[in-house]
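Peer 1: Before anything else, here's the structure in question.
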Amino acid sequence: MSNIEHNMSITGDAPKSISTTQKIASAVGLSGLLILVLAIANFNFPNKSLFLSLSLGMISLGTVIFSVDAYWGKHAGIKNDGVWFKSLSGKGFWAWILGIGLTLFYVVLYWFPQYLGLNSEGANTGIIALFDPLSKFINGGPASQWFVYGSLYTVAIWIFGFKFILKYRHNRYEIIRTCSVMFFQLGFAFLIPEILARLNKPYFAPATIWPLNYDLFAGYRLDSFLSAGNLGVAMLIFGIVSIFVITPILTYKYGKRWYCSWVCGCGGLAETAGDPFRQLSDKSQKAWKIERWVIHSVLVFVTVMTIAVVYSYLGENSDRFWLTKDVFLWGSAGFLTLLFALIIIFKRDQIQKDAKYGAIGYLVVILAIIGINYFSGNWNIFFFPAYKLREWYGFLIGAAFSGVIGVGFYPIFGSRVWCRFGCPMAAILGMQQKLFSKFRITTNGGQCISCGNCSAYCEMGIDVRAYAQKGQNIVRSSCVGCGICSAVCPRGVLKLENGKTEGRINENEVLLGNDVDLLDLLNQKSN
Amino acid sequence: MEHIVILGNGISGITAARHIRKRSDKKITVISAESDYFFSRTALMYVYMGHMKWDHLKPYEDWFWEKNRIDLKNGWVQQIDFSEKTLHFKNGDKLNYDKLILATGSIPNKFGWEGEDLNGVQGLVSKQDLELLEKNTKNCKKAVIIGGGLIGVELAEMLRTRNIEVTMLVREKAFWHSVLPFEDANMISEHIKSNGVDLRTVTELDKIIPDEHGKVSSIITKTGEQIDCQLVGLCAGVRPNIDFLKDSDLAINKGILVNSYLETNIPDVYAIGDCAEQQEAIDQRKPVEAVWYTGRMMGETLALTLTGEKSQYNPGNWFNSAKFFDIEYQTYGWVWPRPKENEQHFHWQHEDNTKAITISFDKKTKLFLGINSFGIRMRHEVLDRWLTEEREINYVLANLKQANFDPEFYARHEAKIFEGFKKNLQNA
Ligand SMILES: Cc1cc2nc3c(=O)[nH]c(=O)nc-3n(C[C@H](O)[C@H](O)[C@H](O)COP(=O)(O)OP(=O)(O)OC[C@H]3O[C@@H](n4cnc5c(N)ncnc54)[C@H](O)[C@@H]3O)c2cc1C
Ligand code: SF4
Ligand code: SF4
């Protein structure tokens, strides 16, 4: 009896259920989603514009009502009550259902688009056909599976961005940052490429930078740029300048956050739709070790692949360019060696031992591959055809890792799995953040109470507390500067800052507050 | 090899253990009856509210201890034989030490109220208290919290996340007015009320009334008012956890008496953290300081002493922090609830009543004495430096921007604060 009473009582229960309004809002949103599911099941909606609007409208409306009910009218502040009790955010039953659902969606999207209604001959059917009116409106042609995906992706960032802004409305950093990712997703990642397509210009998403945009130097892309006159050349130049000029300058000034949590679409989705799952990231030291090996391996993979692709492209067009195969290959090798040498010479204290060995190892491997191929007279390939390498990269990293695992597994591994373990762009920005940047998270003297909120809510799995409780600043290559550790800290201990590079990494032996002259003592010792 | 035994695996004991290990190769054993591994007592509330799971409270992964050769032992020490240097455990085990560090922490205060031991009456200090709270709040509709300190307000926040009605009895005319000046205390009181807590000021508990099963059913205040409830939270402060040491040669008063080297009256026995009581006053500090930071500092200091650098416990400028529902609080230096002689307060409050600062300074010399900050984060390093450098109030106000630690893009209030201060002086 008392058991039943307990189940029925509304007080004393852990905050894991949602309010009636939130239930209704969910129903509205799910109805909108149902239209999409029906479309996938090949239900042929009569008025596609109407039903598409209805579907996206209901999904958005449901999310907006849900968010308003959850956050508006309540005190502004941290809203993490019940996060670990709720099935969806606490790795319970619904988390698995959602994870499996998302994963299946990605598998179909990447490898079986015919089930979405993409027909090699004839008009679209299914969900892709449902998006035809929108596609025609924006780019003038029928939709593709990528158009459907891009539209849904953008809608997700906007509606969950709205939710995020309401949730963190006391925090201007979070509000501005979220507006920024919403803007870049809609404008730079979605509309500009579509409009370029309408104008019959090459595909180009200006904010998607190599190596995240691993295809930038693929032969067919180079062809499309080079055949599009000045605009095409400008795009190619912008792409290269982004890598070698814009990125290093901005990362030096602001840390990698300028990209990862202000501009990037992958980051944008993780920060908005993925926000309920940020606490699921693995904080163990083991995970950190794995992270370092995996992400840098991907970086090596993409570098080798890109060099191979460009190399073979140049091969076919040797008379067209001043840049010959030889110059390119040895230029790349020289550039990489110089880069590694400079880092090892000037920053060796800041690199962990295994990272150093890893870096040297990788360099040797790359140079060896280049050398072997070159001297074996194997002119146009790296052991196997370059396009094969690109295909494999696309399959393993571009699709399986960033999509299926990266997003599909949000509810299980957290929202930034791809950004943390897989993204080669994050790896490059991270190296720079660690070695040449003004960005750090400052720890506020001795105020940390080791509560663990910062670590728990760090989507990158950084054990922020480990630094904060020692009074140390946080300078980690993986930190995307989302600012949430600072937001959730109940004692005001953490502040994301750009400042002088001296003293960025402080090794306080004694916490502020204790007036023991231990620092002197230690200095004496070490002398 | 010298064997250092640390009784208590809280912040003070663990800090001592870690620093001793950093600086030496001694054998270290840490004992606790509460939990296998060190956890953050300060974060108990977040587990109940679902922000974190128990494992998140552990600042070090479980492998850390073995790797650093810090032996952990879970067991209750019943008695200590100081002459034999032996600890006697409840289960009959014995353990010898060469040096003993007592870091036994606190337990909730009880003042001999009628009904204070009933079912459904509890404090919130230990892991076991948290588990008990989980049990006691099943089916609970209404709770009364006795005392309005930092733990009281945390308990109130916890219970509100489960839709439990909360009445909070405080003795003073505003929440925590024993520590905060009235204007600060009043703003926080209003904020607490706005979170659905029925805050009763100038109200004290008389007794707790059981139902027929020996469970709490209501309380009666000193004015005779009866309030029905299924839970009573005893949050009228804590006291050193030293009852098991009472009949020994160890000198104790409220806590275990120590000198400035954290030595007790018995050779090779030291006390740190919540359970220690300073024999001689350090600056204007209380002899027993039950806060996280002081426990950590004592642990650091004692570790130096035990590894060959005899060091005095010398806490610098006072600082502390807390959070009242959504309002963060930080304090540096001294701001007394009722200004002391020559002490003057300047209070500024934002119109939304979630941000305020109170600065205390010397009327005559204009020296900056301390600051309370609500809803605005302050930089510890800067304020600590100003206190040490004995800056004047004008300097502090003119440079307040340097001390701001709010996240980027936050609205700034220094100009308004400065203006307010000037007006205030004219009026005075
Ligand atoms: C809910 C709560 C919130 C708090 N929030 C803050 C805050 O925000 N900021 C702040 O500064 N302070 C805060 N405090 C105070 C702070 O947690 C304490 O000051 C600090 O934990 C004391 O640490 P300690 O090492 O002295 O003792 P403890 O952490 O209490 O550790 C003592 C340990 O010794 C064990 N022990 C004692 N006797 C025996 C025995 N005979 N045998 C075996 N084991 C024994 C106990 O079981 C316990 O595990 C808070 C306290 C509580 C309860
Ligand atoms: S350390 Fe903080 S700012 Fe960096 S990724 Fe983690 S939560 Fe975000
Ligand atoms: S959230 Fe703040 S107080 Fe808690 S562990 Fe992190 S830095 Fe320390």
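In the structure tokens, chains take letters A, B, ... by order of appearance, with residues numbered from 1 within each chain and ligands from 1 in the order shown.
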Residues within 6 Å of ligand 2, counting only C-alpha atoms and all ligand atoms: report them as a ChimeraX atom specification.
Peer 2: /A:458-460,462,464,479-485
Peer 1: Keeping N, CA and C atoms, export the residues of the selection given above as a CSV table (one decimal), in the first residue's frame.
Peer 2:
chain,number,residue,atom,x,y,z
A,458,CYS,N,31.5,18.8,-18.3
A,458,CYS,CA,32.4,19.0,-19.4
A,458,CYS,C,32.1,18.0,-20.5
A,459,GLU,N,31.7,18.5,-21.6
A,459,GLU,CA,31.3,17.5,-22.7
A,459,GLU,C,32.6,16.9,-23.3
A,460,MET,N,33.7,17.5,-23.1
A,460,MET,CA,35.0,17.0,-23.7
A,460,MET,C,35.6,16.0,-22.7
A,462,ILE,N,37.0,16.5,-19.9
A,462,ILE,CA,38.1,17.0,-19.2
A,462,ILE,C,37.8,17.0,-17.7
A,464,VAL,N,38.1,18.8,-15.2
A,464,VAL,CA,38.4,20.2,-14.9
A,464,VAL,C,38.8,20.4,-13.4
A,479,CYS,N,39.8,21.3,-24.9
A,479,CYS,CA,38.8,22.3,-24.5
A,479,CYS,C,38.2,23.1,-25.6
A,480,VAL,N,36.9,23.0,-25.8
A,480,VAL,CA,36.3,23.8,-26.9
A,480,VAL,C,35.7,25.1,-26.4
A,481,GLY,N,36.0,25.4,-25.2
A,481,GLY,CA,35.6,26.7,-24.7
A,481,GLY,C,34.1,26.9,-24.6
A,482,CYS,N,33.3,25.9,-24.4
A,482,CYS,CA,31.9,26.0,-24.3
A,482,CYS,C,31.5,26.9,-23.1
A,483,GLY,N,32.3,26.9,-22.1
A,483,GLY,CA,32.0,27.8,-21.0
A,483,GLY,C,31.0,27.2,-19.9
A,484,ILE,N,30.7,25.9,-20.2
A,484,ILE,CA,29.7,25.3,-19.2
A,484,ILE,C,30.3,25.0,-17.9
A,485,CYS,N,31.6,24.6,-17.9
A,485,CYS,CA,32.2,24.4,-16.6
A,485,CYS,C,32.1,25.6,-15.7
Peer 1: Define the interface residues of chain B facing chain A as those within 6 Å, counting only C-alpha atoms, and report them as a PyMOL selection string.
Peer 2: chain B and resi 40+43+49-51+57+137-141+162-164+297+314-316+326+377+380-381+407-410
Peer 1: So which bits of region 87-257 of chain B end up alpha helix (DSSP H) when you DSSP the backbone, as a PyMOL selection string?
Peer 2: chain B and resi 127-136+150-160+182-194
Peer 1: Counting only C-alpha atoms and all ligand atoms, name the residues that have an atom within 8 Å of an atom of ligand 1; the answer should be given as a ChimeraX atom specification.
Peer 2: /A:449,491 /B:7-14,31-35,40-45,74-79,89,103-107,124-126,150-151,154-155,241-242,244,272-275,289-296,320-323
Peer 1: CA of Ala426 (chain A) and CA of Leu323 (chain A), how far apart in Å?
Peer 2: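 Answer for the CA of Leu323 (chain A) to CA of Ala426 (chain A) separation: 28.9 Å.
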Peer 1: Using only C-alpha atoms and all ligand atoms for the distances, tell me which of B:Lys207, B:Arg385, B:Lys355, B:Lys58 is nearest to ligand 3.
Peer 2: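 Distance minimum relative to ligand 3 lands on B:Lys58.
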Peer 1: Can you tell me which residues surround region 432-441 of chain A at a distance of at most 10 Å, considering only C-alpha atoms, apart from same-chain residues fewer than 3 positions away, and format the answer as a PyMOL selection string?
Peer 2: chain A and resi 247-257+343+346-348+350-351+426-429+444+464+467-468+472-481+483+485-486+493-502+504-505
Peer 1: Would you save the residues of that selection, restricted to N, CA and C atoms, as a short mmCIF file (atom, residue, chain, number, x, y, z; two decimals), in the first residue's frame?
Peer 2:
data_model
loop_
_atom_site.label_atom_id
_atom_site.label_comp_id
_atom_site.auth_asym_id
_atom_site.auth_seq_id
_atom_site.Cartn_x
_atom_site.Cartn_y
_atom_site.Cartn_z
N THR A 247 42.81 30.59 -39.39
CA THR A 247 42.71 29.68 -38.26
C THR A 247 43.81 29.92 -37.21
N PRO A 248 45.06 29.98 -37.63
CA PRO A 248 46.09 30.20 -36.60
C PRO A 248 45.94 31.53 -35.86
N ILE A 249 45.56 32.58 -36.60
CA ILE A 249 45.45 33.88 -35.93
C ILE A 249 44.33 33.86 -34.90
N LEU A 250 43.15 33.38 -35.32
CA LEU A 250 42.03 33.38 -34.39
C LEU A 250 42.28 32.45 -33.21
N THR A 251 42.91 31.31 -33.48
CA THR A 251 43.16 30.38 -32.39
C THR A 251 44.19 30.95 -31.42
N TYR A 252 45.13 31.68 -31.95
CA TYR A 252 46.11 32.32 -31.07
C TYR A 252 45.40 33.32 -30.15
N LYS A 253 44.48 34.09 -30.72
CA LYS A 253 43.85 35.13 -29.91
C LYS A 253 42.79 34.60 -28.96
N TYR A 254 41.99 33.62 -29.43
CA TYR A 254 40.83 33.24 -28.64
C TYR A 254 40.79 31.77 -28.24
N GLY A 255 41.73 30.98 -28.68
CA GLY A 255 41.64 29.55 -28.42
C GLY A 255 40.77 28.89 -29.47
N LYS A 256 40.70 27.57 -29.44
CA LYS A 256 39.97 26.89 -30.50
C LYS A 256 38.47 27.10 -30.40
N ARG A 257 38.03 27.70 -29.31
CA ARG A 257 36.59 27.91 -29.15
C ARG A 257 36.01 28.76 -30.27
N ILE A 343 58.15 22.75 -33.16
CA ILE A 343 57.40 22.44 -31.95
C ILE A 343 58.29 21.73 -30.94
N PHE A 346 60.93 24.33 -29.54
CA PHE A 346 60.50 25.45 -28.70
C PHE A 346 59.50 25.09 -27.62
N LYS A 347 58.76 24.03 -27.80
CA LYS A 347 57.68 23.76 -26.86
C LYS A 347 57.83 22.41 -26.18
N ARG A 348 59.04 21.88 -26.14
CA ARG A 348 59.14 20.50 -25.67
C ARG A 348 58.67 20.34 -24.23
N GLN A 350 56.16 21.63 -22.85
CA GLN A 350 54.71 21.61 -22.70
C GLN A 350 54.06 20.36 -23.28
N ILE A 351 54.84 19.56 -23.93
CA ILE A 351 54.24 18.38 -24.54
C ILE A 351 54.47 17.19 -23.62
N ALA A 426 39.79 19.57 -34.95
CA ALA A 426 39.93 19.80 -33.51
C ALA A 426 41.34 19.45 -33.06
N ALA A 427 41.93 18.43 -33.69
CA ALA A 427 43.28 18.03 -33.30
C ALA A 427 44.28 19.14 -33.61
N ILE A 428 44.15 19.71 -34.82
CA ILE A 428 45.07 20.79 -35.20
C ILE A 428 44.87 22.01 -34.30
N LEU A 429 43.59 22.42 -34.16
CA LEU A 429 43.30 23.59 -33.33
C LEU A 429 43.76 23.34 -31.90
N ASN A 444 40.19 30.36 -9.88
CA ASN A 444 40.10 31.48 -8.94
C ASN A 444 40.74 31.15 -7.59
N VAL A 464 38.11 18.83 -15.20
CA VAL A 464 38.41 20.23 -14.86
C VAL A 464 38.76 20.37 -13.38
N TYR A 467 42.35 20.18 -12.04
CA TYR A 467 43.18 21.39 -12.11
C TYR A 467 42.70 22.41 -11.09
N ALA A 468 41.39 22.63 -11.08
CA ALA A 468 40.83 23.70 -10.26
C ALA A 468 41.16 23.51 -8.78
N GLN A 472 45.25 25.39 -10.34
CA GLN A 472 45.94 25.46 -11.63
C GLN A 472 45.00 25.93 -12.73
N ASN A 473 45.51 26.71 -13.66
CA ASN A 473 44.69 27.06 -14.82
C ASN A 473 44.51 25.83 -15.70
N ILE A 474 43.45 25.87 -16.50
CA ILE A 474 43.20 24.73 -17.38
C ILE A 474 43.62 25.11 -18.79
N VAL A 475 44.64 24.43 -19.28
CA VAL A 475 45.10 24.63 -20.65
C VAL A 475 45.13 23.25 -21.28
N ARG A 476 44.03 22.90 -21.92
CA ARG A 476 43.95 21.56 -22.49
C ARG A 476 43.63 21.67 -23.96
N SER A 477 44.29 20.84 -24.75
CA SER A 477 44.06 20.96 -26.19
C SER A 477 42.63 20.65 -26.56
N SER A 478 41.95 19.79 -25.81
CA SER A 478 40.61 19.40 -26.24
C SER A 478 39.54 20.42 -25.85
N CYS A 479 39.83 21.34 -24.94
CA CYS A 479 38.78 22.25 -24.47
C CYS A 479 38.22 23.08 -25.62
N VAL A 480 36.91 23.00 -25.82
CA VAL A 480 36.28 23.75 -26.90
C VAL A 480 35.74 25.09 -26.43
N GLY A 481 35.99 25.41 -25.17
CA GLY A 481 35.57 26.72 -24.67
C GLY A 481 34.08 26.93 -24.64
N GLY A 483 32.29 26.94 -22.11
CA GLY A 483 31.97 27.80 -20.97
C GLY A 483 31.04 27.18 -19.94
N CYS A 485 31.58 24.63 -17.86
CA CYS A 485 32.20 24.36 -16.56
C CYS A 485 32.14 25.60 -15.70
N SER A 486 32.41 26.73 -16.32
CA SER A 486 32.37 27.99 -15.59
C SER A 486 30.94 28.30 -15.14
N VAL A 493 34.57 29.64 -9.65
CA VAL A 493 36.00 29.36 -9.67
C VAL A 493 36.62 29.50 -11.06
N LEU A 494 35.81 29.36 -12.11
CA LEU A 494 36.41 29.23 -13.44
C LEU A 494 36.02 30.38 -14.35
N LYS A 495 37.00 30.86 -15.09
CA LYS A 495 36.73 31.94 -16.05
C LYS A 495 37.51 31.70 -17.33
N LEU A 496 36.79 31.66 -18.45
CA LEU A 496 37.46 31.54 -19.74
C LEU A 496 38.03 32.90 -20.08
N GLU A 497 39.30 32.93 -20.42
CA GLU A 497 39.94 34.22 -20.66
C GLU A 497 40.96 34.12 -21.78
N ASN A 498 41.20 35.26 -22.44
CA ASN A 498 42.36 35.38 -23.32
C ASN A 498 43.27 36.36 -22.63
N GLY A 499 44.48 35.97 -22.39
CA GLY A 499 45.37 36.89 -21.66
C GLY A 499 46.80 36.70 -22.12
N LYS A 500 47.72 37.20 -21.32
CA LYS A 500 49.12 37.07 -21.66
C LYS A 500 49.52 35.61 -21.71
N THR A 501 50.47 35.30 -22.58
CA THR A 501 50.88 33.89 -22.65
C THR A 501 51.81 33.52 -21.50
N GLU A 502 52.51 34.49 -20.93
CA GLU A 502 53.33 34.15 -19.77
C GLU A 502 52.41 33.83 -18.60
N ARG A 504 50.50 31.47 -18.24
CA ARG A 504 49.22 30.87 -18.61
C ARG A 504 49.06 29.53 -17.91
N ILE A 505 50.12 28.77 -17.92
CA ILE A 505 50.09 27.51 -17.19
C ILE A 505 50.82 27.73 -15.87
#
Peer 1: May I ask which of the residues B:Leu169, B:Leu369, B:Met52, B:Ala174 is the closest one to ligand 3, counting only C-alpha atoms and all ligand atoms?
Peer 2: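 The shortest atom-to-atom distance to ligand 3 comes from B:Met52.
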Peer 1: Which one of B:Glu309, B:Glu419, B:Glu328, B:Asp198 sits closest to ligand 3 if you count only C-alpha atoms and all ligand atoms?
Peer 2: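 So, comparing all the options, the nearest one is B:Glu328.
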Peer 1: Which is closest to ligand 3 among B:His56, B:Lys363, B:Lys193, B:Lys310, if we use only C-alpha atoms and all ligand atoms?
Peer 2: B:His56
Peer 1: At what distance in Å, to one decimal, does CA of Ile28 (chain B) lie from CA of Glu2 (chain B)?
Peer 2: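 One can read the CA of Glu2 (chain B) to CA of Ile28 (chain B) distance as 8.6 Å.
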Peer 1: Which residues, written as JSON, numbers by chain, have at least one atom at most 12 Å from Leu245 (chain B), with only C-alpha atoms counted and residues fewer than 5 positions away on the same chain left out?
Peer 2: {"B": [77, 78, 79, 80, 81, 82, 87, 88, 102, 104, 240, 250, 251, 252, 253, 254, 255, 256, 275]}
Peer 1: Selected residues, C-alpha atoms, written as a PDB file, in the first residue's frame, please.
Peer 2:
ATOM      1  CA  VAL B  77      37.899   3.473  15.477  1.00  0.00           C
ATOM      2  CA  GLN B  78      36.355   3.040  18.884  1.00  0.00           C
ATOM      3  CA  GLN B  79      39.240   3.894  21.086  1.00  0.00           C
ATOM      4  CA  ILE B  80      42.800   5.080  20.865  1.00  0.00           C
ATOM      5  CA  ASP B  81      45.527   3.875  23.192  1.00  0.00           C
ATOM      6  CA  PHE B  82      47.928   6.798  23.020  1.00  0.00           C
ATOM      7  CA  LEU B  87      44.022   2.272  17.355  1.00  0.00           C
ATOM      8  CA  HIS B  88      41.251  -0.129  18.368  1.00  0.00           C
ATOM      9  CA  LEU B 102      43.182  13.150  13.755  1.00  0.00           C
ATOM     10  CA  THR B 104      37.600  13.264  12.200  1.00  0.00           C
ATOM     11  CA  PRO B 240      33.695  18.452  16.151  1.00  0.00           C
ATOM     12  CA  LEU B 250      43.883  14.035  24.774  1.00  0.00           C
ATOM     13  CA  ALA B 251      43.166  17.660  25.641  1.00  0.00           C
ATOM     14  CA  ILE B 252      39.831  18.625  24.194  1.00  0.00           C
ATOM     15  CA  ASN B 253      37.456  21.493  24.622  1.00  0.00           C
ATOM     16  CA  LYS B 254      34.888  22.048  21.859  1.00  0.00           C
ATOM     17  CA  GLY B 255      37.346  20.366  19.571  1.00  0.00           C
ATOM     18  CA  ILE B 256      40.768  18.790  19.844  1.00  0.00           C
ATOM     19  CA  CYS B 275      37.764  18.626  14.554  1.00  0.00           C
TER      20      CYS B 275
END
Peer 1: Between CA of Met298 (chain B) and CA of Gln279 (chain B), what is the spacing in Å?
Peer 2: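 We find that CA of Gln279 (chain B) and CA of Met298 (chain B) lie 14.6 Å from each other.
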Peer 1: If you run DSSP over the backbone, which residues in region 32-231 of chain B end up strand (DSSP E or B)? Put them as an NGL selection string.
Peer 2: :B and (32 or 70-74 or 77-81 or 86-89 or 94-96 or 99-102 or 106-108 or 114 or 119 or 121-122 or 142-146 or 165-169 or 197-200 or 205-210 or 215-221 or 226-228 or 231)
Peer 1: Using only C-alpha atoms, which protein or nucleic acid residues come within 9 Å of region 392-400 of chain B? Drop anything in the same chain fewer than 4 positions from it, and give the result as a short mmCIF file (atom, residue, chain, number, x, y, z; two decimals) with all heavy atoms, in the first residue's frame.
Peer 2:
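Output below, filename out-v9.cif:
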data_model
loop_
_atom_site.label_atom_id
_atom_site.label_comp_id
_atom_site.auth_asym_id
_atom_site.auth_seq_id
_atom_site.Cartn_x
_atom_site.Cartn_y
_atom_site.Cartn_z
N ILE B 359 30.94 46.33 1.21
CA ILE B 359 32.36 46.50 1.48
C ILE B 359 32.51 47.08 2.87
O ILE B 359 31.78 47.99 3.25
CB ILE B 359 33.00 47.45 0.44
CG1 ILE B 359 32.80 46.88 -0.96
CG2 ILE B 359 34.49 47.62 0.73
CD1 ILE B 359 33.50 47.66 -2.04
N SER B 360 33.43 46.52 3.60
CA SER B 360 33.66 47.02 4.94
C SER B 360 35.01 47.72 4.98
O SER B 360 35.97 47.25 4.37
CB SER B 360 33.56 45.83 5.90
OG SER B 360 34.65 45.78 6.75
N PHE B 361 35.04 48.88 5.66
CA PHE B 361 36.30 49.62 5.74
C PHE B 361 36.39 50.34 7.08
O PHE B 361 35.40 50.45 7.81
CB PHE B 361 36.43 50.60 4.57
CG PHE B 361 35.33 51.62 4.50
CD1 PHE B 361 35.51 52.91 4.98
CD2 PHE B 361 34.11 51.30 3.93
CE1 PHE B 361 34.49 53.85 4.92
CE2 PHE B 361 33.09 52.23 3.86
CZ PHE B 361 33.28 53.51 4.35
N ASP B 362 37.55 50.78 7.39
CA ASP B 362 37.76 51.46 8.66
C ASP B 362 37.36 52.92 8.54
O ASP B 362 37.84 53.64 7.66
CB ASP B 362 39.24 51.32 9.05
CG ASP B 362 39.49 51.77 10.47
OD1 ASP B 362 39.20 52.94 10.81
OD2 ASP B 362 39.97 50.93 11.25
N THR B 365 40.74 55.22 9.24
CA THR B 365 41.89 55.10 8.35
C THR B 365 41.48 54.84 6.92
O THR B 365 42.32 54.88 6.02
CB THR B 365 42.78 53.93 8.80
OG1 THR B 365 42.00 52.74 8.71
CG2 THR B 365 43.27 54.11 10.21
N LYS B 366 40.20 54.55 6.71
CA LYS B 366 39.68 54.23 5.37
C LYS B 366 40.27 52.94 4.79
O LYS B 366 40.18 52.69 3.59
CB LYS B 366 39.94 55.38 4.37
CG LYS B 366 39.39 56.71 4.82
CD LYS B 366 37.88 56.74 4.72
CE LYS B 366 37.32 58.06 5.23
NZ LYS B 366 36.14 57.92 6.07
N LEU B 367 40.88 52.15 5.63
CA LEU B 367 41.45 50.89 5.14
C LEU B 367 40.35 49.92 4.76
O LEU B 367 39.34 49.80 5.44
CB LEU B 367 42.32 50.25 6.23
CG LEU B 367 43.71 50.82 6.44
CD1 LEU B 367 44.50 49.92 7.37
CD2 LEU B 367 44.43 50.96 5.10
N PHE B 368 40.59 49.24 3.67
CA PHE B 368 39.66 48.21 3.18
C PHE B 368 39.78 46.98 4.09
O PHE B 368 40.87 46.46 4.29
CB PHE B 368 40.05 47.89 1.74
CG PHE B 368 39.43 46.65 1.17
CD1 PHE B 368 38.05 46.47 1.17
CD2 PHE B 368 40.23 45.65 0.61
CE1 PHE B 368 37.49 45.32 0.62
CE2 PHE B 368 39.67 44.52 0.05
CZ PHE B 368 38.29 44.36 0.06
N LEU B 369 38.64 46.54 4.63
CA LEU B 369 38.69 45.41 5.58
C LEU B 369 38.14 44.11 4.99
O LEU B 369 38.56 43.03 5.38
CB LEU B 369 37.88 45.75 6.84
CG LEU B 369 38.34 46.99 7.61
CD1 LEU B 369 37.38 47.28 8.76
CD2 LEU B 369 39.75 46.78 8.14
N LEU B 383 41.78 40.46 -4.62
CA LEU B 383 41.30 40.94 -3.33
C LEU B 383 42.24 40.53 -2.21
O LEU B 383 42.47 41.29 -1.27
CB LEU B 383 39.88 40.41 -3.08
CG LEU B 383 38.87 41.14 -3.96
CD1 LEU B 383 37.55 40.42 -4.02
CD2 LEU B 383 38.67 42.57 -3.47
N TRP B 386 45.00 43.06 -2.26
CA TRP B 386 44.60 44.36 -1.71
C TRP B 386 44.53 44.31 -0.19
O TRP B 386 44.90 45.27 0.49
CB TRP B 386 43.26 44.80 -2.30
CG TRP B 386 43.35 45.19 -3.74
CD1 TRP B 386 44.49 45.43 -4.45
CD2 TRP B 386 42.26 45.38 -4.64
NE1 TRP B 386 44.18 45.77 -5.74
CE2 TRP B 386 42.83 45.74 -5.89
CE3 TRP B 386 40.88 45.28 -4.54
CZ2 TRP B 386 42.04 46.00 -7.01
CZ3 TRP B 386 40.10 45.55 -5.64
CH2 TRP B 386 40.67 45.91 -6.87
N ASN B 404 36.98 41.84 -10.90
CA ASN B 404 35.81 41.12 -11.42
C ASN B 404 36.22 39.79 -12.05
O ASN B 404 37.22 39.70 -12.75
CB ASN B 404 35.10 42.00 -12.46
CG ASN B 404 33.84 41.33 -12.97
OD1 ASN B 404 33.90 40.37 -13.71
ND2 ASN B 404 32.69 41.81 -12.55
N GLU B 414 30.59 48.14 -11.98
CA GLU B 414 31.54 48.92 -11.18
C GLU B 414 31.19 50.41 -11.15
O GLU B 414 31.29 51.06 -10.11
CB GLU B 414 32.97 48.75 -11.71
CG GLU B 414 33.57 47.39 -11.42
CD GLU B 414 33.26 46.36 -12.50
OE1 GLU B 414 32.65 46.76 -13.53
OE2 GLU B 414 33.60 45.19 -12.33
N ALA B 415 30.78 50.94 -12.31
CA ALA B 415 30.48 52.37 -12.37
C ALA B 415 29.35 52.71 -11.40
O ALA B 415 29.43 53.67 -10.63
CB ALA B 415 30.10 52.77 -13.79
N ILE B 417 28.42 51.03 -8.82
CA ILE B 417 28.86 50.82 -7.44
C ILE B 417 29.62 52.05 -6.96
O ILE B 417 29.39 52.56 -5.86
CB ILE B 417 29.73 49.55 -7.33
CG1 ILE B 417 28.89 48.32 -7.65
CG2 ILE B 417 30.36 49.43 -5.96
CD1 ILE B 417 29.67 47.03 -7.76
N PHE B 418 30.48 52.55 -7.81
CA PHE B 418 31.30 53.70 -7.46
C PHE B 418 30.42 54.92 -7.19
O PHE B 418 30.57 55.61 -6.19
CB PHE B 418 32.28 53.98 -8.61
CG PHE B 418 33.41 54.88 -8.22
CD1 PHE B 418 34.40 54.44 -7.35
CD2 PHE B 418 33.49 56.17 -8.71
CE1 PHE B 418 35.44 55.27 -6.97
CE2 PHE B 418 34.53 57.01 -8.34
CZ PHE B 418 35.51 56.55 -7.47
N PHE B 421 28.63 54.67 -3.98
CA PHE B 421 29.50 54.91 -2.84
C PHE B 421 29.67 56.42 -2.60
O PHE B 421 29.61 56.91 -1.48
CB PHE B 421 30.86 54.26 -3.07
CG PHE B 421 31.84 54.50 -1.96
CD1 PHE B 421 31.63 53.91 -0.72
CD2 PHE B 421 32.94 55.29 -2.14
CE1 PHE B 421 32.52 54.13 0.31
CE2 PHE B 421 33.84 55.51 -1.12
CZ PHE B 421 33.63 54.93 0.11
#
